[in-house]
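**Q** Just work10.csv, nothing more (CSV, C-alpha atoms):
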```csv
chain,number,residue,atom,x,y,z
A,1,MET,CA,116.9,102.2,106.8
A,2,ALA,CA,118.5,105.2,105.2
A,3,ARG,CA,121.9,106.5,106.2
A,4,HIS,CA,122.6,110.2,105.6
A,5,PRO,CA,126.0,111.0,104.0
A,6,ARG,CA,128.5,111.0,106.8
A,7,HIS,CA,132.3,111.3,107.0
A,8,LEU,CA,134.2,108.5,108.7
A,9,ALA,CA,137.3,109.9,110.4
A,10,ALA,CA,140.7,108.3,111.0
A,11,LEU,CA,140.8,104.7,112.3
A,12,ALA,CA,144.4,104.2,113.4
A,13,ALA,CA,146.3,105.0,110.2
A,14,LEU,CA,143.2,104.5,108.0
A,15,THR,CA,141.1,107.4,106.7
A,16,LEU,CA,138.0,106.6,104.8
A,17,SER,CA,135.4,108.9,103.3
A,18,LEU,CA,132.2,107.1,102.5
A,19,SER,CA,129.1,108.9,101.4
A,20,TRP,CA,125.8,107.4,100.4
A,21,ALA,CA,122.3,108.8,100.2
A,22,GLY,CA,120.6,105.6,99.2
A,23,GLN,CA,118.6,103.1,101.2
A,24,ALA,CA,119.8,100.5,103.6
A,25,LEU,CA,116.8,98.5,104.7
A,26,ALA,CA,118.4,95.4,106.3
A,27,TRP,CA,116.6,92.5,104.8
A,28,GLU,CA,113.8,94.9,103.6
A,29,ASP,CA,110.2,93.8,104.0
A,30,VAL,CA,110.6,90.1,103.3
A,31,GLY,CA,113.5,89.3,105.6
A,32,HIS,CA,112.3,91.4,108.5
A,33,ARG,CA,108.8,89.8,108.2
A,34,TRP,CA,110.3,86.3,108.3
A,35,ILE,CA,112.6,87.0,111.2
A,36,GLY,CA,109.6,88.3,113.3
A,37,GLN,CA,107.4,85.4,112.3
A,38,LEU,CA,110.0,82.6,112.8
A,39,GLY,CA,111.4,84.1,115.9
A,40,ILE,CA,108.0,84.0,117.6
A,41,SER,CA,106.5,80.9,116.1
A,42,THR,CA,109.4,78.8,117.3
A,43,LEU,CA,109.3,79.9,120.9
A,44,PRO,CA,109.3,77.2,123.5
A,45,THR,CA,105.9,76.0,124.8
A,46,THR,CA,107.0,77.2,128.3
A,47,LEU,CA,106.2,80.7,127.2
A,48,PRO,CA,102.6,82.1,127.2
A,49,ALA,CA,100.5,80.6,124.4
A,50,PHE,CA,99.2,84.0,123.2
A,51,LEU,CA,102.7,84.8,121.8
A,52,ARG,CA,102.5,81.8,119.4
A,53,ALA,CA,98.9,82.3,118.2
A,54,PRO,CA,98.7,82.5,114.4
A,55,GLN,CA,97.4,86.1,114.5
A,56,ALA,CA,100.2,87.1,116.9
A,57,VAL,CA,102.8,85.6,114.7
A,58,SER,CA,101.4,87.4,111.6
A,59,ASP,CA,101.2,90.7,113.5
A,60,VAL,CA,104.7,90.5,114.8
A,61,GLY,CA,106.0,89.9,111.3
A,62,GLU,CA,104.2,93.0,110.0
A,63,TRP,CA,105.2,95.2,112.9
A,64,ALA,CA,108.8,94.1,112.3
A,65,ARG,CA,108.8,96.3,109.2
A,66,ASP,CA,107.7,99.5,111.0
A,67,PRO,CA,111.1,101.0,111.9
A,68,ASP,CA,111.9,101.2,108.2
A,69,ARG,CA,108.4,102.2,107.2
A,70,SER,CA,108.5,105.2,109.5
A,71,ARG,CA,111.6,106.7,107.9
A,72,GLY,CA,111.0,110.0,106.1
A,73,SER,CA,108.8,111.3,108.9
A,74,GLY,CA,110.9,114.4,109.4
A,75,ARG,CA,114.4,115.6,109.9
A,76,THR,CA,114.5,115.4,113.7
A,77,HIS,CA,112.8,111.9,113.6
A,78,ASP,CA,115.2,110.5,111.0
A,79,GLN,CA,118.4,112.0,112.3
A,80,ASP,CA,117.7,110.6,115.8
A,81,ARG,CA,116.4,107.2,114.8
A,82,ASP,CA,118.3,106.2,111.6
A,83,PRO,CA,121.6,105.5,113.5
A,84,GLY,CA,119.7,103.0,115.7
A,85,HIS,CA,119.8,100.5,112.8
A,86,PHE,CA,123.5,100.0,112.5
A,87,ALA,CA,126.9,99.8,114.3
A,88,ASP,CA,129.9,100.8,112.2
A,89,GLY,CA,132.4,98.2,113.3
A,90,ASP,CA,136.0,98.2,112.1
A,91,GLU,CA,138.5,95.4,111.5
A,92,ASN,CA,139.3,95.3,115.2
A,93,MET,CA,135.6,94.8,116.2
A,94,LYS,CA,135.4,98.4,117.5
A,95,ILE,CA,132.9,101.0,116.7
A,96,LEU,CA,134.8,103.6,114.7
A,97,GLY,CA,137.9,102.9,116.8
A,98,GLY,CA,136.1,103.3,120.1
A,99,PRO,CA,133.9,100.9,122.1
A,100,LEU,CA,134.6,97.2,121.6
A,101,LEU,CA,131.6,95.1,120.4
A,102,ALA,CA,132.6,92.3,122.7
A,103,LYS,CA,132.7,94.6,125.7
A,104,LEU,CA,129.8,97.0,125.3
A,105,PRO,CA,129.5,99.7,128.0
A,106,VAL,CA,126.5,99.2,130.2
A,107,THR,CA,124.6,102.3,129.0
A,108,ARG,CA,124.4,104.3,125.8
A,109,ALA,CA,125.7,107.3,127.7
A,110,GLU,CA,128.9,105.5,128.5
A,111,TYR,CA,129.1,104.2,124.9
A,112,GLU,CA,128.8,107.9,123.8
A,113,LYS,CA,131.6,108.9,126.0
A,114,GLN,CA,133.9,106.2,124.6
A,115,LEU,CA,133.1,107.3,121.0
A,116,GLN,CA,133.7,111.0,121.9
A,117,ALA,CA,137.1,110.0,123.2
A,118,VAL,CA,138.1,109.1,119.7
A,119,GLY,CA,136.4,112.0,118.0
A,120,GLN,CA,133.2,110.2,117.1
A,121,ASP,CA,129.6,109.9,118.3
A,122,SER,CA,126.7,107.5,118.1
A,123,TRP,CA,125.0,109.4,115.3
A,124,LYS,CA,128.0,108.6,113.1
A,125,GLY,CA,128.8,105.2,114.5
A,126,GLY,CA,125.3,103.9,115.1
A,127,TYR,CA,123.8,102.7,118.3
A,128,LEU,CA,122.1,99.5,117.2
A,129,PRO,CA,123.4,97.5,120.3
A,130,TYR,CA,121.4,99.7,122.6
A,131,ASN,CA,118.2,99.5,120.7
A,132,ILE,CA,118.5,95.7,121.1
A,133,ILE,CA,119.4,95.9,124.8
A,134,GLU,CA,116.7,98.5,125.7
A,135,GLY,CA,114.1,96.5,123.9
A,136,TYR,CA,115.0,93.3,125.7
A,137,GLN,CA,114.8,95.1,129.1
A,138,GLN,CA,111.4,96.6,128.2
A,139,LEU,CA,110.1,93.2,127.1
A,140,THR,CA,111.3,91.7,130.4
A,141,LYS,CA,109.4,94.3,132.4
A,142,ASP,CA,106.2,93.8,130.3
A,143,PHE,CA,106.4,90.0,130.8
A,144,ALA,CA,106.5,90.6,134.6
A,145,TYR,CA,103.4,92.8,134.5
A,146,TRP,CA,101.6,90.2,132.3
A,147,ARG,CA,102.5,87.5,134.8
A,148,ALA,CA,101.1,89.5,137.7
A,149,ALA,CA,97.9,90.4,135.9
A,150,SER,CA,97.4,86.9,134.6
A,151,TYR,CA,97.8,85.4,138.1
A,152,GLY,CA,95.6,88.0,139.7
A,153,GLU,CA,92.8,87.5,137.2
A,154,LYS,CA,92.7,83.8,138.1
A,155,THR,CA,92.9,84.1,141.8
A,156,THR,CA,91.1,87.3,143.0
A,157,LYS,CA,87.7,86.7,144.6
A,158,ASN,CA,86.5,90.2,143.7
A,159,LYS,CA,84.5,90.2,140.4
A,160,ALA,CA,85.3,93.9,139.7
A,161,HIS,CA,88.9,93.3,140.4
A,162,ARG,CA,88.9,90.3,138.1
A,163,ALA,CA,87.3,92.3,135.3
A,164,TRP,CA,89.9,95.0,135.5
A,165,LEU,CA,92.8,92.5,135.7
A,166,ARG,CA,91.5,90.7,132.7
A,167,ARG,CA,91.4,94.0,130.7
A,168,ASP,CA,94.9,94.8,132.0
A,169,ARG,CA,96.2,91.4,130.8
A,170,ILE,CA,94.7,91.9,127.4
A,171,ARG,CA,96.1,95.4,127.1
A,172,ARG,CA,99.5,94.0,128.2
A,173,GLU,CA,99.3,91.3,125.5
A,174,GLN,CA,98.6,93.9,122.8
A,175,GLN,CA,101.4,96.1,124.0
A,176,LEU,CA,103.8,93.2,124.2
A,177,LEU,CA,103.1,92.0,120.7
A,178,PHE,CA,103.6,95.5,119.2
A,179,GLU,CA,106.7,96.2,121.1
A,180,LEU,CA,108.1,92.8,120.4
A,181,GLY,CA,107.5,93.2,116.7
A,182,TYR,CA,108.9,96.7,116.5
A,183,TRP,CA,112.0,95.6,118.5
A,184,SER,CA,112.5,92.4,116.4
A,185,HIS,CA,113.5,94.7,113.5
A,186,PHE,CA,116.7,95.8,115.2
A,187,VAL,CA,117.5,92.2,116.2
A,188,GLY,CA,117.2,91.4,112.5
A,189,ASP,CA,119.3,94.4,111.5
A,190,ALA,CA,122.3,93.0,113.3
A,191,SER,CA,122.2,89.7,111.3
A,192,GLN,CA,122.8,91.7,108.1
A,193,PRO,CA,126.6,91.9,108.0
A,194,LEU,CA,126.6,95.2,106.1
A,195,HIS,CA,124.8,96.8,109.1
A,196,MET,CA,127.8,95.8,111.3
A,197,THR,CA,130.6,97.6,109.4
A,198,TYR,CA,131.7,101.0,108.1
A,199,HIS,CA,132.2,99.2,104.8
A,200,TYR,CA,128.4,99.2,104.6
A,201,ASN,CA,127.9,99.9,100.8
A,202,GLY,CA,131.1,98.9,99.0
A,203,TRP,CA,134.5,98.8,100.5
A,204,GLY,CA,135.2,102.5,100.2
A,205,ASN,CA,138.1,104.7,99.3
A,206,GLY,CA,140.7,103.5,101.8
A,207,PRO,CA,143.2,100.6,101.7
A,208,ASN,CA,141.7,97.6,100.0
A,209,PRO,CA,144.5,95.0,99.8
A,210,LYS,CA,142.1,92.2,98.9
A,211,GLY,CA,140.4,94.1,96.1
A,212,TYR,CA,136.9,94.0,97.4
A,213,THR,CA,134.3,95.7,95.3
A,214,THR,CA,133.5,99.4,95.7
A,215,GLU,CA,130.1,98.9,94.1
A,216,ARG,CA,127.0,99.9,96.0
A,217,ILE,CA,126.1,96.4,97.0
A,218,HIS,CA,123.9,97.0,100.1
A,219,GLY,CA,120.5,97.2,98.3
A,220,PRO,CA,121.1,94.3,95.9
A,221,VAL,CA,122.3,92.0,98.7
A,222,GLU,CA,119.4,92.5,101.1
A,223,GLY,CA,116.7,93.3,98.6
A,224,GLU,CA,116.9,91.9,95.2
A,225,PHE,CA,118.8,88.8,96.2
A,226,VAL,CA,116.5,87.9,99.1
A,227,ASN,CA,113.4,88.5,97.0
A,228,ASN,CA,114.6,86.4,94.1
A,229,ASN,CA,116.4,83.5,95.9
A,230,ILE,CA,115.6,83.0,99.5
A,231,LYS,CA,112.7,80.8,100.7
A,232,PHE,CA,110.8,80.9,104.0
A,233,GLU,CA,111.0,77.2,104.7
A,234,ALA,CA,114.7,77.1,104.0
A,235,VAL,CA,115.3,79.9,106.5
A,236,LYS,CA,113.2,78.0,109.1
A,237,ALA,CA,115.2,74.8,108.5
A,238,ALA,CA,118.4,76.7,108.9
A,239,MET,CA,117.6,78.0,112.4
A,240,ARG,CA,120.0,76.7,115.0
A,241,PRO,CA,118.7,75.2,118.4
A,242,TYR,CA,118.1,77.5,121.3
A,243,ALA,CA,121.3,78.9,122.9
A,244,GLY,CA,120.3,81.2,125.7
A,245,CYS,CA,122.3,83.7,127.7
A,246,GLY,CA,122.6,81.5,130.9
A,247,ALA,CA,124.7,83.3,133.4
A,248,CYS,CA,125.7,86.2,131.1
A,249,ASN,CA,124.1,89.6,131.1
A,250,ILE,CA,122.2,91.1,128.2
A,251,ASN,CA,125.1,93.4,127.2
A,252,GLU,CA,127.4,90.4,126.9
A,253,MET,CA,124.8,88.4,124.9
A,254,VAL,CA,124.2,91.3,122.5
A,255,GLY,CA,127.9,91.9,122.2
A,256,ALA,CA,128.5,88.2,121.3
A,257,TYR,CA,125.7,88.3,118.7
A,258,LEU,CA,127.1,91.4,117.1
A,259,VAL,CA,130.7,90.1,117.0
A,260,ASN,CA,129.4,86.9,115.4
A,261,GLU,CA,127.6,88.7,112.7
A,262,ALA,CA,130.4,91.2,112.1
A,263,GLN,CA,132.8,88.3,111.2
A,264,TYR,CA,130.7,87.7,108.0
A,265,VAL,CA,131.5,91.1,106.5
A,266,GLU,CA,134.6,90.0,104.6
A,267,PRO,CA,133.1,86.6,103.5
A,268,LEU,CA,130.2,88.6,102.1
A,269,TYR,CA,132.5,90.8,100.1
A,270,GLN,CA,134.5,87.8,98.9
A,271,LEU,CA,131.4,86.1,97.9
A,272,TRP,CA,130.4,89.1,95.9
A,273,ASN,CA,133.8,89.3,94.2
A,274,ASP,CA,133.5,85.5,93.3
A,275,GLY,CA,130.1,85.9,91.7
A,276,GLY,CA,128.4,84.0,94.5
A,277,LEU,CA,125.7,86.7,95.0
A,278,LYS,CA,124.3,86.4,91.5
A,279,ASP,CA,120.7,85.0,91.2
A,280,GLY,CA,120.6,81.3,91.6
A,281,ASP,CA,124.1,80.8,92.9
A,282,PRO,CA,123.9,78.2,95.7
A,283,ARG,CA,126.8,79.7,97.6
A,284,GLY,CA,125.0,83.1,98.0
A,285,ILE,CA,121.6,81.4,98.7
A,286,ALA,CA,123.2,79.3,101.6
A,287,PHE,CA,125.0,82.4,103.0
A,288,ILE,CA,122.0,84.8,103.0
A,289,THR,CA,119.6,82.0,104.2
A,290,ALA,CA,122.0,81.4,107.2
A,291,ARG,CA,122.2,85.0,108.2
A,292,ILE,CA,118.4,85.6,108.1
A,293,ALA,CA,118.0,82.3,110.1
A,294,GLU,CA,120.4,83.6,112.7
A,295,GLY,CA,118.4,86.8,113.1
A,296,ALA,CA,115.3,84.7,113.7
A,297,ALA,CA,117.1,82.3,116.1
A,298,GLU,CA,118.6,85.2,118.1
A,299,LEU,CA,115.1,86.8,118.4
A,300,ARG,CA,113.7,83.5,119.7
A,301,ASP,CA,116.5,83.3,122.2
A,302,LEU,CA,116.2,86.8,123.5
A,303,VAL,CA,112.5,86.6,123.9
A,304,THR,CA,112.9,83.3,125.8
A,305,ASP,CA,115.6,84.8,128.0
A,306,ALA,CA,113.4,87.8,128.7
A,307,TRP,CA,110.6,85.6,129.8
A,308,ASN,CA,112.9,83.6,132.0
A,309,ALA,CA,114.3,86.7,133.6
A,310,SER,CA,110.9,88.4,134.1
A,311,GLY,CA,110.1,86.5,137.3
A,312,LYS,CA,112.7,88.5,139.2
A,313,MET,CA,111.4,91.8,137.8
A,314,VAL,CA,109.4,93.9,140.3
A,315,VAL,CA,106.0,95.2,139.4
A,316,GLY,CA,103.7,97.7,141.1
A,317,TYR,CA,104.3,100.0,144.0
A,318,PRO,CA,105.9,99.1,146.4
A,319,GLY,CA,107.7,96.8,144.0
A,320,VAL,CA,107.0,93.0,144.3
A,321,ALA,CA,108.8,90.4,142.2
A,322,ALA,CA,106.5,88.7,139.7
A,323,THR,CA,107.3,85.3,141.1
A,324,ASP,CA,106.3,86.5,144.5
A,325,VAL,CA,103.0,87.7,143.1
A,326,GLU,CA,102.5,84.3,141.5
A,327,ALA,CA,103.3,82.6,144.8
A,328,GLY,CA,100.5,84.5,146.4
A,329,LYS,CA,102.7,86.7,148.6
A,330,ALA,CA,101.3,90.0,147.4
A,331,GLY,CA,97.6,89.4,148.2
A,332,ASP,CA,95.1,90.6,145.6
A,333,ALA,CA,97.2,91.6,142.5
A,334,TYR,CA,94.6,94.3,141.8
A,335,ASP,CA,95.7,96.3,144.8
A,336,LEU,CA,99.3,96.1,143.5
A,337,LEU,CA,98.7,97.0,139.9
A,338,TYR,CA,95.7,99.3,139.8
A,339,GLY,CA,97.2,102.1,141.9
A,340,GLY,CA,95.2,104.7,143.9
A,341,HIS,CA,91.4,104.5,144.2
```
Starting from the file, lay out its structure as structure tokens.
**A**
Amino acid sequence: MARHPRHLAALAALTLSLSWAGQALAWEDVGHRWIGQLGISTLPTTLPAFLRAPQAVSDVGEWARDPDRSRGSGRTHDQDRDPGHFADGDENMKILGGPLLAKLPVTRAEYEKQLQAVGQDSWKGGYLPYNIIEGYQQLTKDFAYWRAASYGEKTTKNKAHRAWLRRDRIRREQQLLFELGYWSHFVGDASQPLHMTYHYNGWGNGPNPKGYTTERIHGPVEGEFVNNNIKFEAVKAAMRPYAGCGACNINEMVGAYLVNEAQYVEPLYQLWNDGGLKDGDPRGIAFITARIAEGAAELRDLVTDAWNASGKMVVGYPGVAATDVEAGKAGDAYDLLYGGH
């Protein structure tokens, strides 16, 4: 993703001015494709089989690249969407001195108010957390509608209703896979540490007591190094086991994920200074492999949790929980889902 030049104002006693007109395509084509493919192909078998079909896995991987491929569509498009790829965290795990990553406001509107309170906004600081949260919520709703249509197709005694419900299920599957692939891009963005910091392309012009590089390292780290050194099977092997949200809410889960990835900003800079991100260096290979693997694992976890949460999501009008539809409490699902006559 490309960031327009922007000024970063005072953070406590710190003032930085960072300008960059180059590209910042977190993990570029290769990494985003792998995150989409691995996040979906490793889903538990308790989720619908259509998600893990070979063609679906391939398609999700390709669609995962779309948010970057669409850049350059126009000034309005880019100005609004580009900040959705990053969150400019500071050393205190705050976005430009405002909202805490670990305690994200419930809505983007509240997030915007907290940024404005410190003289910033989400076009400068980024709103990546809310792209992830919104996508999760949409996925949960789509899963609920798929459940209702799938159940109705199997149980209705009306042939015409069954035919419509089958078409509706297929449409929902197509929609789910595209939305899932597109959304997976942002989940992957967050696993690139340079998308979680205002030191996103060299340390910048402010205080730098540890002497981190001021070179423009963003592109070489996520592009050249990945292409030359990282292997698909190694990323797959590095994926951790499922660790779902449990009793937490989606804002808490996303906040924890972002905090976890932001902690790798300084290790990445130290690795660069130590020469560990030169081609062939095992230190850099292990580091970058682990970050891409975490993006894939987080995607798998979020999709799994969205499925698990979808049973309580209401569908149709008047709203009926998906699990109640599946329990036969809503009658013919066609009457609930078709709407009108």
**Q** Please produce, as JSON lines, a per-residue contact table for stretch 80-181 of chain A versus stretch 189-196 of chain A (criterion: any atom at most 6 Å away, only C-alpha atoms considered), showing the nearest atom pair and its distance in Å to one decimal, sorted by chain then residue number.
**A**
```
{"residue": "A:Phe86", "atom": "CA", "partner": "A:His195", "partner_atom": "CA", "distance": 4.8}
{"residue": "A:Ala87", "atom": "CA", "partner": "A:Met196", "partner_atom": "CA", "distance": 5.1}
{"residue": "A:Asp88", "atom": "CA", "partner": "A:Met196", "partner_atom": "CA", "distance": 5.5}
{"residue": "A:Gly89", "atom": "CA", "partner": "A:Met196", "partner_atom": "CA", "distance": 5.6}
```
**Q** I want to know what sits within 12 Å of A:Gly223, based on only C-alpha atoms, with residues of the same chain fewer than 5 positions away left out; could you give that as a PyMOL selection string?
**A** chain A and resi 23-32+192+217-218+228-230+277+279+288
**Q** Just want the 9 Å neighbourhood of A:Thr107, counted on all atoms listed in the file, with same-chain residues fewer than 4 positions away dropped. Output as a PyMOL selection string.
**A** chain A and resi 111-112+130
**Q** Using only C-alpha atoms, please write the residues we just selected to a file, as a PDB file, keeping the file's coordinate frame.
**A**
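Listing of again.pdb after writing:
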```pdb
ATOM      1  CA  TYR A 111     129.100 104.200 124.900  1.00  0.00           C
ATOM      2  CA  GLU A 112     128.800 107.900 123.800  1.00  0.00           C
ATOM      3  CA  TYR A 130     121.400  99.700 122.600  1.00  0.00           C
TER       4      TYR A 130
END
```
**Q** Which polymer residues have any atom within 10 Å of an atom of A:Asn158, counting all atoms listed in the file, with same-chain residues fewer than 4 positions away left out, as a list in words?
**A**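 Here the answer would be Glu153, Arg162, Ala163, Asp332 and Tyr334 of chain A.
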**Q** From the list A:Leu299, A:Trp63, A:Asp281, A:Pro267, which residue is nearest A:Ile133 when using all atoms listed in the file?
**A**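 Comparing A:Leu299, A:Trp63, A:Asp281, A:Pro267 against A:Ile133, the winner is A:Leu299.
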**Q** Taking all atoms listed in the file into account, which of A:Asn131, A:Ser70, A:Thr213, A:Gln79 comes nearest A:Gln270?
**A**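 For A:Gln270, the nearest of the candidates is A:Thr213.
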**Q** Mind giving me the straight-line distance from atom CA of A:Val221 to atom CA of A:Gln263 in Å, one decimal?
**A**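 Going from atom CA of A:Val221 over to atom CA of A:Gln263 covers 16.7 Å.
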**Q** For A:Gln114, find every residue with an atom within 7 Å (counting only C-alpha atoms), except residues of its own chain fewer than 3 positions away, and show them as a list in words.
**A**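 Contacts, with the query itself left out: Gly98, Pro99, Glu110, Tyr111 and Ala117 of chain A.
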**Q** As a list in words, please: the residues near A:Thr140 (cut-off 7 Å, all atoms listed in the file, same-chain neighbours under 6 positions excluded).
**A**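 What passes the distance filter is Ala306, Trp307, Ala309 and Ser310 of chain A.
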**Q** Considering all atoms listed in the file, can you say which of A:Lys94, A:Lys236, A:Lys154, A:Arg167 comes closest to A:Val259?
**A**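 Result for the nearest residue to A:Val259: A:Lys94.
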**Q** Rank nothing, just name the residue among A:Arg291, A:Arg75, A:Lys312, A:Arg300 nearest to A:Arg52, using all atoms listed in the file.
**A**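 Residue with the minimum atom-to-atom distance to A:Arg52: A:Arg300.
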**Q** Point out the residue among A:Glu224, A:Asp82, A:Glu134, A:Glu215 with the least atom-to-atom distance to A:Trp203, counting all atoms listed in the file.
**A**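 Comparing A:Glu224, A:Asp82, A:Glu134, A:Glu215 against A:Trp203, the winner is A:Glu215.
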**Q** Could you jot down the atom CA of A:Gly340 to atom CA of A:Trp164 separation for me, Å, one decimal place?
**A** 13.9 Å
**Q** Up to 9 Å from (105.4, 83.0, 140.5) in the file's coordinates: name the residues, counting only C-alpha atoms, as a PyMOL selection string.
**A** chain A and resi 147-148+151+311+321-328
**Q** Using all atoms listed in the file, pick whichever of A:Ala49, A:Ile40, A:Leu302, A:Leu336 has the shortest atom-to-atom distance to A:Asn251.
**A**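 Answer, going by the shortest atom-to-atom distance: A:Leu302.
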